[in-house]
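Data block for start-v4.cif (mmCIF, C-alpha atoms and all ligand atoms):
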```cif
data_data
#
loop_
_atom_site.label_atom_id
_atom_site.label_comp_id
_atom_site.auth_asym_id
_atom_site.auth_seq_id
_atom_site.Cartn_x
_atom_site.Cartn_y
_atom_site.Cartn_z
CA MET A 1 6.81 -3.43 -12.02
CA LEU A 2 5.65 -1.02 -9.38
CA LEU A 3 6.12 -1.76 -5.70
CA HIS A 4 5.32 -0.36 -2.25
CA VAL A 5 2.11 1.26 -1.08
CA ASP A 6 2.72 4.43 -3.05
CA GLY A 7 4.62 2.96 -6.00
CA GLU A 8 7.95 4.37 -4.89
CA PHE A 9 10.07 1.42 -6.10
CA ALA A 10 10.44 -0.10 -9.57
CA SER A 11 12.24 -3.33 -8.57
CA VAL A 12 12.22 -5.82 -5.69
CA THR A 13 15.82 -4.91 -4.85
CA ASP A 14 14.95 -1.22 -4.49
CA LEU A 15 11.88 -2.14 -2.43
CA VAL A 16 13.88 -4.21 0.05
CA LYS A 17 16.65 -1.62 0.31
CA GLY A 18 14.25 1.29 0.61
CA THR A 19 11.95 -0.37 3.15
CA CYS A 20 14.65 -1.73 5.45
CA THR A 21 16.52 1.56 5.44
CA GLY A 22 13.43 3.77 5.68
CA ARG A 23 11.31 5.43 8.31
CA ASN A 24 9.47 2.21 9.28
CA PHE A 25 12.75 1.04 10.73
CA GLY A 26 13.52 4.39 12.28
CA TRP A 27 16.09 5.61 9.74
CA LEU A 28 16.13 9.18 8.45
CA PRO A 29 16.49 9.94 4.72
CA SER A 30 20.01 11.25 5.39
CA GLU A 31 21.12 7.96 7.01
CA GLN A 32 20.70 5.62 4.05
CA ALA A 33 24.32 4.44 3.79
CA GLN A 34 24.56 3.71 7.51
CA ALA A 35 21.23 1.86 7.42
CA MET A 36 22.34 -0.31 4.49
CA ALA A 37 25.52 -1.33 6.30
CA HIS A 38 23.54 -2.20 9.42
CA ILE A 39 20.94 -4.31 7.60
CA ALA A 40 23.60 -6.17 5.60
CA HIS A 41 25.35 -7.02 8.87
CA ILE A 42 22.10 -8.27 10.49
CA ILE A 43 21.25 -10.55 7.57
CA ARG A 44 24.68 -11.84 6.58
CA ASP A 45 25.93 -12.47 10.10
CA ASP A 46 22.74 -14.11 11.47
CA ASP A 47 23.80 -17.43 13.03
CA GLY A 48 20.25 -18.53 13.89
CA SER A 49 20.72 -18.34 17.66
CA GLY A 50 18.40 -15.33 18.25
CA GLU A 51 14.85 -15.64 19.59
CA LEU A 52 13.13 -14.71 16.31
CA ALA A 53 15.26 -17.11 14.29
CA GLN A 54 14.42 -19.90 16.74
CA GLN A 55 10.70 -19.22 16.47
CA HIS A 56 10.52 -18.74 12.70
CA GLY A 57 12.59 -21.44 11.09
CA GLY A 58 16.26 -20.53 11.46
CA PRO A 59 18.71 -17.84 10.30
CA TYR A 60 17.88 -15.34 7.54
CA PRO A 61 19.77 -17.16 4.77
CA VAL A 62 17.52 -20.21 5.35
CA VAL A 63 14.22 -18.37 5.85
CA LEU A 64 14.70 -16.03 2.91
CA LYS A 65 14.88 -18.98 0.52
CA GLY A 66 11.15 -19.45 1.20
CA THR A 67 8.99 -22.20 2.65
CA ASP A 68 5.72 -21.45 0.93
CA PRO A 69 4.42 -24.14 -1.47
CA SER A 70 2.46 -22.31 -4.13
CA ILE A 71 -1.30 -22.31 -3.77
CA PRO A 72 -3.14 -23.70 -6.83
CA PRO A 73 -5.47 -21.19 -8.45
CA GLU A 74 -8.34 -23.78 -8.35
CA ALA A 75 -8.29 -23.44 -4.57
CA LEU A 76 -9.62 -19.95 -4.93
CA ALA A 77 -13.23 -18.97 -4.69
CA GLN A 78 -14.33 -17.44 -7.97
CA GLY A 79 -17.30 -15.20 -8.40
CA LYS A 80 -18.56 -11.68 -8.52
CA ILE A 81 -19.88 -11.15 -5.00
CA GLY A 82 -16.61 -9.90 -3.60
CA ASN A 83 -15.05 -9.00 -6.94
CA CYS A 84 -11.80 -9.69 -5.04
CA ILE A 85 -10.17 -11.33 -8.03
CA ALA A 86 -10.46 -8.13 -10.05
CA CYS A 87 -7.52 -6.86 -7.96
CA HIS A 88 -6.17 -9.75 -5.83
CA ALA A 89 -5.64 -12.20 -8.68
CA PRO A 90 -3.74 -15.47 -8.12
CA PRO A 91 -1.02 -16.64 -7.86
CA ASN A 92 0.27 -13.49 -6.14
CA PHE A 93 -3.14 -12.20 -5.02
CA THR A 94 -2.23 -8.76 -6.32
CA ASP A 95 -2.63 -7.22 -9.76
CA PHE A 96 0.57 -5.22 -9.12
CA GLN A 97 -1.56 -2.13 -9.70
CA SER A 98 -2.62 0.64 -7.36
CA HIS A 99 -6.16 1.72 -6.55
CA ASN A 100 -7.96 4.08 -4.27
CA THR A 101 -10.17 1.90 -2.09
CA GLY A 102 -10.88 4.73 0.34
CA ALA A 103 -8.42 3.84 3.11
CA ALA A 104 -6.83 7.32 3.12
CA GLN A 105 -10.20 9.06 2.99
CA GLU A 106 -11.58 6.93 5.83
CA GLU A 107 -8.57 7.82 7.98
CA CYS A 108 -8.64 11.54 7.18
CA ASP A 109 -12.41 11.85 7.63
CA ALA A 110 -12.38 9.90 10.91
CA ILE A 111 -10.03 12.53 12.34
CA HIS A 112 -11.19 15.73 10.66
CA GLY A 113 -14.84 14.98 9.94
CA THR A 114 -16.84 13.63 7.01
CA GLY A 115 -15.87 15.31 3.76
CA ALA A 116 -12.43 16.43 4.98
CA LEU A 117 -10.43 14.63 2.29
CA ALA A 118 -12.89 15.60 -0.44
CA ALA A 119 -12.42 19.24 0.56
CA LEU A 120 -8.62 19.10 0.95
CA VAL A 121 -6.77 21.58 -1.25
CA ILE A 122 -4.25 19.54 -3.25
CA PRO A 123 -1.96 21.42 -5.64
CA ASP A 124 -1.85 20.70 -9.38
CA LEU A 125 1.38 19.74 -11.09
CA ARG A 126 2.71 23.24 -11.77
CA PRO A 127 2.31 24.76 -8.29
CA ARG A 128 3.65 21.50 -6.82
CA ARG A 129 6.73 21.65 -9.08
CA ASP A 130 7.30 25.34 -8.31
CA ASN A 131 7.14 24.67 -4.58
CA HIS A 132 8.69 21.21 -4.18
CA ASP A 133 9.76 21.74 -0.56
CA ALA A 134 6.28 22.72 0.62
CA TYR A 135 4.43 19.76 -0.85
CA LEU A 136 6.64 16.73 -1.55
CA PRO A 137 8.03 14.18 0.94
CA PRO A 138 11.54 13.98 2.43
CA THR A 139 14.14 12.04 0.41
CA PRO A 140 17.95 11.86 0.52
CA GLN A 141 17.89 14.79 -1.98
CA HIS A 142 15.47 16.81 0.19
CA PRO A 143 16.01 15.45 3.73
CA GLU A 144 14.57 18.41 5.65
CA VAL A 145 11.19 18.94 4.00
CA GLN A 146 7.88 18.20 5.76
CA GLY A 147 5.87 16.21 3.19
CA PRO A 148 2.33 17.18 4.32
CA PHE A 149 0.76 14.75 1.84
CA ARG A 150 2.77 11.76 3.02
CA ASP A 151 1.87 12.07 6.65
CA ILE A 152 -0.44 10.53 9.22
CA PRO A 153 -3.46 12.75 9.84
CA SER A 154 -3.66 14.13 13.37
CA PRO A 155 -6.26 16.38 15.02
CA ASP A 156 -3.85 19.27 15.61
CA GLN A 157 -2.48 19.34 12.04
CA PRO A 158 -5.32 19.67 9.55
CA GLY A 159 -4.23 19.44 5.93
CA ARG A 160 -1.71 16.67 6.56
CA THR A 161 -2.58 13.25 5.19
CA ASP A 162 -1.22 10.46 3.00
CA LEU A 163 -2.00 10.67 -0.72
CA GLY A 164 0.07 7.59 -1.67
CA LEU A 165 1.15 7.46 -5.33
CA TRP A 166 0.52 11.19 -5.74
CA ASN A 167 3.78 11.82 -3.81
CA VAL A 168 5.86 9.72 -6.16
CA TYR A 169 4.31 10.41 -9.58
CA ALA A 170 6.15 13.15 -11.52
CA ASN A 171 8.44 13.67 -8.52
CA PRO A 172 12.03 14.05 -9.83
CA ASP A 173 13.41 12.47 -6.63
CA PHE A 174 11.96 9.10 -7.79
CA PRO A 175 13.09 8.65 -11.42
CA LYS A 176 12.85 4.86 -11.67
CA PRO A 177 9.12 4.24 -11.03
CA GLN A 178 7.97 7.02 -13.39
CA ALA A 179 7.48 4.85 -16.50
CA PRO A 180 5.34 2.16 -14.78
CA ILE A 181 3.30 4.77 -12.91
CA GLN A 182 2.68 6.67 -16.12
CA GLN A 183 1.50 3.43 -17.74
CA LEU A 184 -0.78 2.62 -14.81
CA LEU A 185 -2.41 6.05 -14.74
CA CYS A 186 -2.70 6.20 -18.54
CA ALA A 187 -4.67 2.94 -18.56
CA GLY A 188 -7.60 4.95 -17.20
CA GLY A 189 -7.86 6.77 -20.55
CA LYS A 190 -6.48 9.81 -22.29
CA PRO A 191 -5.22 12.51 -21.97
CA CYS A 192 -1.95 11.13 -20.64
CA LEU A 193 -0.13 14.36 -19.86
CA PRO A 194 1.34 14.62 -16.36
CA GLN A 195 -0.86 17.57 -15.41
CA ALA A 196 -3.98 15.53 -16.26
CA LEU A 197 -2.68 12.35 -14.60
CA LEU A 198 -1.55 13.84 -11.27
CA PRO A 199 -5.13 14.19 -9.88
CA LYS A 200 -5.72 10.55 -10.88
CA ALA A 201 -2.85 9.55 -8.59
CA ILE A 202 -4.59 10.94 -5.49
CA ALA A 203 -4.83 8.37 -2.67
CA LEU A 204 -3.83 5.39 -4.83
CA PHE A 205 -2.14 2.58 -2.92
CA LYS A 206 -0.62 -0.66 -4.07
CA THR A 207 -2.84 -3.78 -3.98
CA PRO A 208 -1.20 -5.98 -1.32
CA GLY A 209 -0.87 -9.74 -1.77
CA LEU A 210 -3.08 -11.75 0.58
CA ARG A 211 -0.81 -14.58 1.70
CA ASP A 212 0.08 -14.96 5.33
CA LEU A 213 -2.12 -12.14 6.59
CA GLY A 214 -1.90 -13.74 10.05
CA HIS A 215 1.54 -12.20 10.42
CA SER A 216 0.89 -8.75 9.01
CA ALA A 217 -1.85 -7.11 11.11
CA PRO A 218 -2.77 -4.30 11.39
CA TYR A 219 -4.14 -3.95 7.87
CA LEU A 220 -4.40 -1.38 5.11
CA HIS A 221 -1.60 1.15 4.64
CA THR A 222 -3.11 3.15 7.47
CA GLY A 223 -2.94 0.23 9.91
CA ARG A 224 -6.43 1.23 11.05
CA LYS A 225 -7.96 -2.25 10.71
CA GLY A 226 -6.94 -4.74 13.38
CA THR A 227 -8.67 -7.84 12.01
CA LEU A 228 -9.61 -9.26 8.62
CA GLU A 229 -13.26 -8.91 9.58
CA ASP A 230 -12.69 -5.15 9.99
CA VAL A 231 -11.00 -4.92 6.58
CA LEU A 232 -13.84 -6.71 4.86
CA GLY A 233 -16.45 -4.60 6.59
CA PHE A 234 -14.89 -1.44 5.22
CA SER A 235 -15.88 -0.15 1.80
CA ASN A 236 -18.94 1.92 2.54
CA LEU A 237 -17.59 5.15 1.09
CA ALA A 238 -16.63 3.36 -2.11
CA ARG A 239 -19.96 1.61 -2.46
CA ALA A 240 -21.78 4.87 -1.93
CA GLY A 241 -19.71 6.46 -4.71
CA GLN A 242 -18.34 9.04 -2.28
CA LEU A 243 -14.63 8.54 -2.84
CA ARG A 244 -12.45 11.32 -4.21
CA ASN A 245 -10.75 9.61 -7.16
CA GLY A 246 -12.18 6.22 -6.09
CA VAL A 247 -11.81 2.97 -8.05
CA PRO A 248 -14.96 1.89 -9.98
CA ALA A 249 -14.29 -1.87 -9.45
CA LEU A 250 -15.42 -1.53 -5.84
CA HIS A 251 -18.95 -0.81 -6.97
CA GLY A 252 -19.05 -4.49 -8.01
CA MET A 253 -18.69 -5.65 -4.41
CA ALA A 254 -21.84 -6.98 -2.80
CA LEU A 255 -20.60 -8.63 0.39
CA THR A 256 -23.23 -9.15 3.03
CA LYS A 257 -22.60 -9.32 6.77
CA GLU A 258 -22.99 -13.10 6.57
CA ASP A 259 -20.15 -13.36 4.01
CA ILE A 260 -17.57 -11.80 6.29
CA ALA A 261 -16.90 -14.66 8.74
CA PRO A 262 -16.44 -17.41 6.10
CA LEU A 263 -14.39 -15.13 3.83
CA SER A 264 -12.11 -14.20 6.73
CA ALA A 265 -11.66 -17.89 7.57
CA PHE A 266 -10.84 -18.55 3.92
CA LEU A 267 -8.16 -15.83 3.93
CA ARG A 268 -6.71 -17.26 7.17
CA ALA A 269 -6.24 -20.59 5.39
CA TRP A 270 -3.41 -18.88 3.47
CA ASN A 271 -1.42 -18.29 6.64
CA GLU A 272 2.11 -19.65 6.38
CA ASP A 273 3.18 -22.60 8.51
CA TYR A 274 6.79 -21.91 9.41
CA GLY A 275 7.18 -25.20 11.28
C1 LIG B 1 -10.45 -2.45 -6.87
C2 LIG B 1 -9.43 -3.34 -6.38
C3 LIG B 1 -9.72 -4.18 -5.16
C4 LIG B 1 -10.78 -5.03 -4.94
C5 LIG B 1 -11.95 -5.32 -5.86
C6 LIG B 1 -10.53 -5.64 -3.63
N1 LIG B 1 -9.37 -5.15 -3.10
FE1 LIG B 1 -8.55 -5.70 -1.34
N2 LIG B 1 -7.23 -4.17 -1.49
C7 LIG B 1 -7.05 -3.39 -2.62
C8 LIG B 1 -6.07 -2.36 -2.32
C9 LIG B 1 -5.56 -1.28 -3.28
C10 LIG B 1 -5.71 -2.53 -0.97
C11 LIG B 1 -4.76 -1.65 -0.15
C12 LIG B 1 -5.52 -0.41 0.30
C13 LIG B 1 -4.70 0.50 1.19
O1 LIG B 1 -3.96 0.02 2.06
O2 LIG B 1 -4.84 1.71 1.01
C14 LIG B 1 -6.45 -3.71 -0.49
C15 LIG B 1 -6.32 -4.25 0.79
C16 LIG B 1 -6.89 -5.46 1.17
C17 LIG B 1 -6.59 -6.15 2.40
C18 LIG B 1 -5.62 -5.70 3.48
C19 LIG B 1 -4.30 -6.38 3.28
C20 LIG B 1 -3.18 -5.78 4.07
O3 LIG B 1 -2.10 -6.41 4.10
O4 LIG B 1 -3.31 -4.69 4.65
C21 LIG B 1 -7.33 -7.31 2.41
C22 LIG B 1 -7.35 -8.39 3.50
C23 LIG B 1 -8.09 -7.31 1.19
N3 LIG B 1 -7.79 -6.18 0.46
C24 LIG B 1 -8.96 -8.31 0.83
C25 LIG B 1 -9.89 -8.17 -0.21
C26 LIG B 1 -11.00 -9.07 -0.41
C27 LIG B 1 -11.27 -10.35 0.38
C28 LIG B 1 -11.70 -8.55 -1.47
C29 LIG B 1 -13.01 -9.03 -2.03
C30 LIG B 1 -14.11 -9.06 -1.09
C31 LIG B 1 -11.00 -7.35 -1.95
N4 LIG B 1 -9.92 -7.16 -1.13
C32 LIG B 1 -11.37 -6.58 -3.04
C33 LIG B 1 -7.68 -3.53 -3.82
C34 LIG B 1 -8.85 -4.25 -3.99
#
```

As structure tokens - that is how I would like this structure written.
Amino acid sequence: MLLHVDGEFASVTDLVKGTCTGRNFGWLPSEQAQAMAHIAHIIRDDDGSGELAQQHGGPYPVVLKGTDPSIPPEALAQGKIGNCIACHAPPNFTDFQSHNTGAAQEECDAIHGTGALAALVIPDLRPRRDNHDAYLPPTPQHPEVQGPFRDIPSPDQPGRTDLGLWNVYANPDFPKPQAPIQQLLCAGGKPCLPQALLPKAIALFKTPGLRDLGHSAPYLHTGRKGTLEDVLGFSNLARAGQLRNGVPALHGMALTKEDIAPLSAFLRAWNEDYG
């Protein structure tokens, strides 16, 4: 199993620990132990009296047990027009794989101009290994490094972007996900040597599940899409075959403008009712 946008975690436990003690919650790589203690306190000692608990069904120990009756696969639209099921297969609405749908390229090009990600100089395995600190992201083992390829592009810092799985694959700071990532990248065909597979990891991101999207905007790992309609309207680069290391399955998508409203409404039907 491979979890998180860039495949950093190989189990649900590591995902929960890593996410809750990571930068999304404001913790630095060097603060992992402190973060763990804090999160454990918040969850274990929740008595249900806080505002969020009142709104969303009670204290953590109750909510975390789950309230979501499973959705029968027959309820899903089948068909080739969206090709959605190729990647968002029921019952989890994810294939647990990672693909490059163009989200990173769209973000990078929007800031630095069309063609910016295609032209970006990305090191091969050997130069990356020889210069770990210059290229790879901060971790508890390397807390002070910059991680230019796991960053948010900004106009004043060209060359910085987020290449997803590329940061984790063959990175010795993440030993556990290496076997599943290797398997995933190898499925694309031989040769399966790390130096050949590293370019195939460029801008791959985990396929998210599609339940309860009403609570998880903004969308895509970039957070650049505010509504489901925006997400579904985005795939032009992929359709035009202009993605660096893009996923071929997106060529099968033939959504028209008229499909977007009903498909968005269909996805909203999977919103969770926490009542
Ligand atoms: C080739 C595989 C693939 C296909 C086909 C595909 N998706 Fe996705 N989808 C992904 C991946 C990977 C992401 C995450 C991309 C990212 O964040 O970089 C994603 C993201 C999304 C998101 C955003 C979810 C979130 O939490 O941010 C939605 C909604 C979505 N897809 C719906 C669909 C629908 C509806 C279809 C069919 C019209 C479809 N996808 C077709 C792989 C696919």

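Between ligand LIG 1 (chain B) and the residues A:Pro262, A:Pro248, A:Gly82, A:Pro127, the shortest atom-to-atom distance, using only C-alpha atoms and all ligand atoms, involves A:Gly82.
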
Residues up to 6 Å from ligand LIG 1 (chain B), counting only C-alpha atoms and all ligand atoms: could you list those as a ChimeraX atom specification? /A:82-84,86-87,98-101,103,205-208,219-221,228,231,247,249-250

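Atom to atom, CA of Phe234 in chain A and CA of Ile202 in chain A stand 19.3 Å apart.
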
When you look at Leu28 in chain A with a cut-off of 10 Å (counting only C-alpha atoms), what residues show up, excluding the ones that are within fewer than 2 positions of it in the same chain? I need them as an MDAnalysis selection string. chainID A and resid 21:26 30:32 35 138:140 143:144

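The two atoms in question, CA of Leu163 in chain A and CA of Ile111 in chain A, are spaced 15.4 Å apart.
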
Write range 212-239 of chain A as a PDB file, in the coordinates of the input, completed to N, CA and C atoms.
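Ended up saving to result.pdb:
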```pdb
ATOM      1  N   ASP A 212      -0.509 -15.098   4.002  1.00  0.00           N
ATOM      2  CA  ASP A 212       0.080 -14.960   5.330  1.00  0.00           C
ATOM      3  C   ASP A 212      -0.348 -13.698   6.055  1.00  0.00           C
ATOM      4  N   LEU A 213      -1.622 -13.340   5.926  1.00  0.00           N
ATOM      5  CA  LEU A 213      -2.120 -12.140   6.590  1.00  0.00           C
ATOM      6  C   LEU A 213      -2.054 -12.260   8.106  1.00  0.00           C
ATOM      7  N   GLY A 214      -1.982 -13.518   8.602  1.00  0.00           N
ATOM      8  CA  GLY A 214      -1.900 -13.740  10.050  1.00  0.00           C
ATOM      9  C   GLY A 214      -0.686 -13.076  10.687  1.00  0.00           C
ATOM     10  N   HIS A 215       0.335 -12.820   9.863  1.00  0.00           N
ATOM     11  CA  HIS A 215       1.540 -12.200  10.420  1.00  0.00           C
ATOM     12  C   HIS A 215       1.665 -10.723  10.096  1.00  0.00           C
ATOM     13  N   SER A 216       0.653 -10.133   9.464  1.00  0.00           N
ATOM     14  CA  SER A 216       0.890  -8.750   9.010  1.00  0.00           C
ATOM     15  C   SER A 216      -0.141  -7.746   9.511  1.00  0.00           C
ATOM     16  N   ALA A 217      -0.943  -8.109  10.525  1.00  0.00           N
ATOM     17  CA  ALA A 217      -1.850  -7.110  11.110  1.00  0.00           C
ATOM     18  C   ALA A 217      -1.011  -6.007  11.758  1.00  0.00           C
ATOM     19  N   PRO A 218      -1.478  -4.786  11.857  1.00  0.00           N
ATOM     20  CA  PRO A 218      -2.770  -4.300  11.390  1.00  0.00           C
ATOM     21  C   PRO A 218      -2.778  -4.062   9.879  1.00  0.00           C
ATOM     22  N   TYR A 219      -3.985  -3.940   9.320  1.00  0.00           N
ATOM     23  CA  TYR A 219      -4.140  -3.950   7.870  1.00  0.00           C
ATOM     24  C   TYR A 219      -4.413  -2.571   7.269  1.00  0.00           C
ATOM     25  N   LEU A 220      -4.329  -2.565   5.968  1.00  0.00           N
ATOM     26  CA  LEU A 220      -4.400  -1.380   5.110  1.00  0.00           C
ATOM     27  C   LEU A 220      -3.148  -0.519   5.376  1.00  0.00           C
ATOM     28  N   HIS A 221      -2.843   0.376   4.448  1.00  0.00           N
ATOM     29  CA  HIS A 221      -1.600   1.150   4.640  1.00  0.00           C
ATOM     30  C   HIS A 221      -1.706   2.036   5.861  1.00  0.00           C
ATOM     31  N   THR A 222      -2.919   2.298   6.295  1.00  0.00           N
ATOM     32  CA  THR A 222      -3.110   3.150   7.470  1.00  0.00           C
ATOM     33  C   THR A 222      -2.933   2.374   8.764  1.00  0.00           C
ATOM     34  N   GLY A 223      -3.007   1.031   8.684  1.00  0.00           N
ATOM     35  CA  GLY A 223      -2.940   0.230   9.910  1.00  0.00           C
ATOM     36  C   GLY A 223      -4.153   0.442  10.793  1.00  0.00           C
ATOM     37  N   ARG A 224      -5.258   0.927  10.220  1.00  0.00           N
ATOM     38  CA  ARG A 224      -6.430   1.230  11.050  1.00  0.00           C
ATOM     39  C   ARG A 224      -7.348   0.031  11.254  1.00  0.00           C
ATOM     40  N   LYS A 225      -7.084  -1.079  10.578  1.00  0.00           N
ATOM     41  CA  LYS A 225      -7.960  -2.250  10.710  1.00  0.00           C
ATOM     42  C   LYS A 225      -7.188  -3.377  11.398  1.00  0.00           C
ATOM     43  N   GLY A 226      -7.666  -3.772  12.573  1.00  0.00           N
ATOM     44  CA  GLY A 226      -6.940  -4.740  13.380  1.00  0.00           C
ATOM     45  C   GLY A 226      -7.192  -6.188  12.988  1.00  0.00           C
ATOM     46  N   THR A 227      -8.344  -6.457  12.366  1.00  0.00           N
ATOM     47  CA  THR A 227      -8.670  -7.840  12.010  1.00  0.00           C
ATOM     48  C   THR A 227      -9.136  -7.886  10.551  1.00  0.00           C
ATOM     49  N   LEU A 228      -9.132  -9.101  10.005  1.00  0.00           N
ATOM     50  CA  LEU A 228      -9.610  -9.260   8.620  1.00  0.00           C
ATOM     51  C   LEU A 228     -11.089  -8.925   8.523  1.00  0.00           C
ATOM     52  N   GLU A 229     -11.833  -9.241   9.584  1.00  0.00           N
ATOM     53  CA  GLU A 229     -13.260  -8.910   9.580  1.00  0.00           C
ATOM     54  C   GLU A 229     -13.440  -7.388   9.423  1.00  0.00           C
ATOM     55  N   ASP A 230     -12.593  -6.616  10.103  1.00  0.00           N
ATOM     56  CA  ASP A 230     -12.690  -5.150   9.990  1.00  0.00           C
ATOM     57  C   ASP A 230     -12.375  -4.697   8.564  1.00  0.00           C
ATOM     58  N   VAL A 231     -11.361  -5.324   7.947  1.00  0.00           N
ATOM     59  CA  VAL A 231     -11.000  -4.920   6.580  1.00  0.00           C
ATOM     60  C   VAL A 231     -12.188  -5.172   5.649  1.00  0.00           C
ATOM     61  N   LEU A 232     -12.777  -6.347   5.795  1.00  0.00           N
ATOM     62  CA  LEU A 232     -13.840  -6.710   4.860  1.00  0.00           C
ATOM     63  C   LEU A 232     -15.124  -5.916   5.102  1.00  0.00           C
ATOM     64  N   GLY A 233     -15.268  -5.419   6.300  1.00  0.00           N
ATOM     65  CA  GLY A 233     -16.450  -4.600   6.590  1.00  0.00           C
ATOM     66  C   GLY A 233     -16.305  -3.178   6.094  1.00  0.00           C
ATOM     67  N   PHE A 234     -15.134  -2.842   5.596  1.00  0.00           N
ATOM     68  CA  PHE A 234     -14.890  -1.440   5.220  1.00  0.00           C
ATOM     69  C   PHE A 234     -14.959  -1.270   3.713  1.00  0.00           C
ATOM     70  N   SER A 235     -15.831  -0.516   3.220  1.00  0.00           N
ATOM     71  CA  SER A 235     -15.880  -0.150   1.800  1.00  0.00           C
ATOM     72  C   SER A 235     -17.131   0.668   1.555  1.00  0.00           C
ATOM     73  N   ASN A 236     -17.678   1.193   2.665  1.00  0.00           N
ATOM     74  CA  ASN A 236     -18.940   1.920   2.540  1.00  0.00           C
ATOM     75  C   ASN A 236     -18.833   3.169   1.673  1.00  0.00           C
ATOM     76  N   LEU A 237     -17.753   3.919   1.876  1.00  0.00           N
ATOM     77  CA  LEU A 237     -17.590   5.150   1.090  1.00  0.00           C
ATOM     78  C   LEU A 237     -17.539   4.820  -0.394  1.00  0.00           C
ATOM     79  N   ALA A 238     -16.789   3.734  -0.710  1.00  0.00           N
ATOM     80  CA  ALA A 238     -16.630   3.360  -2.110  1.00  0.00           C
ATOM     81  C   ALA A 238     -17.960   2.932  -2.701  1.00  0.00           C
ATOM     82  N   ARG A 239     -18.684   2.106  -1.942  1.00  0.00           N
ATOM     83  CA  ARG A 239     -19.960   1.610  -2.460  1.00  0.00           C
ATOM     84  C   ARG A 239     -20.947   2.749  -2.673  1.00  0.00           C
TER      85      ARG A 239
END
```
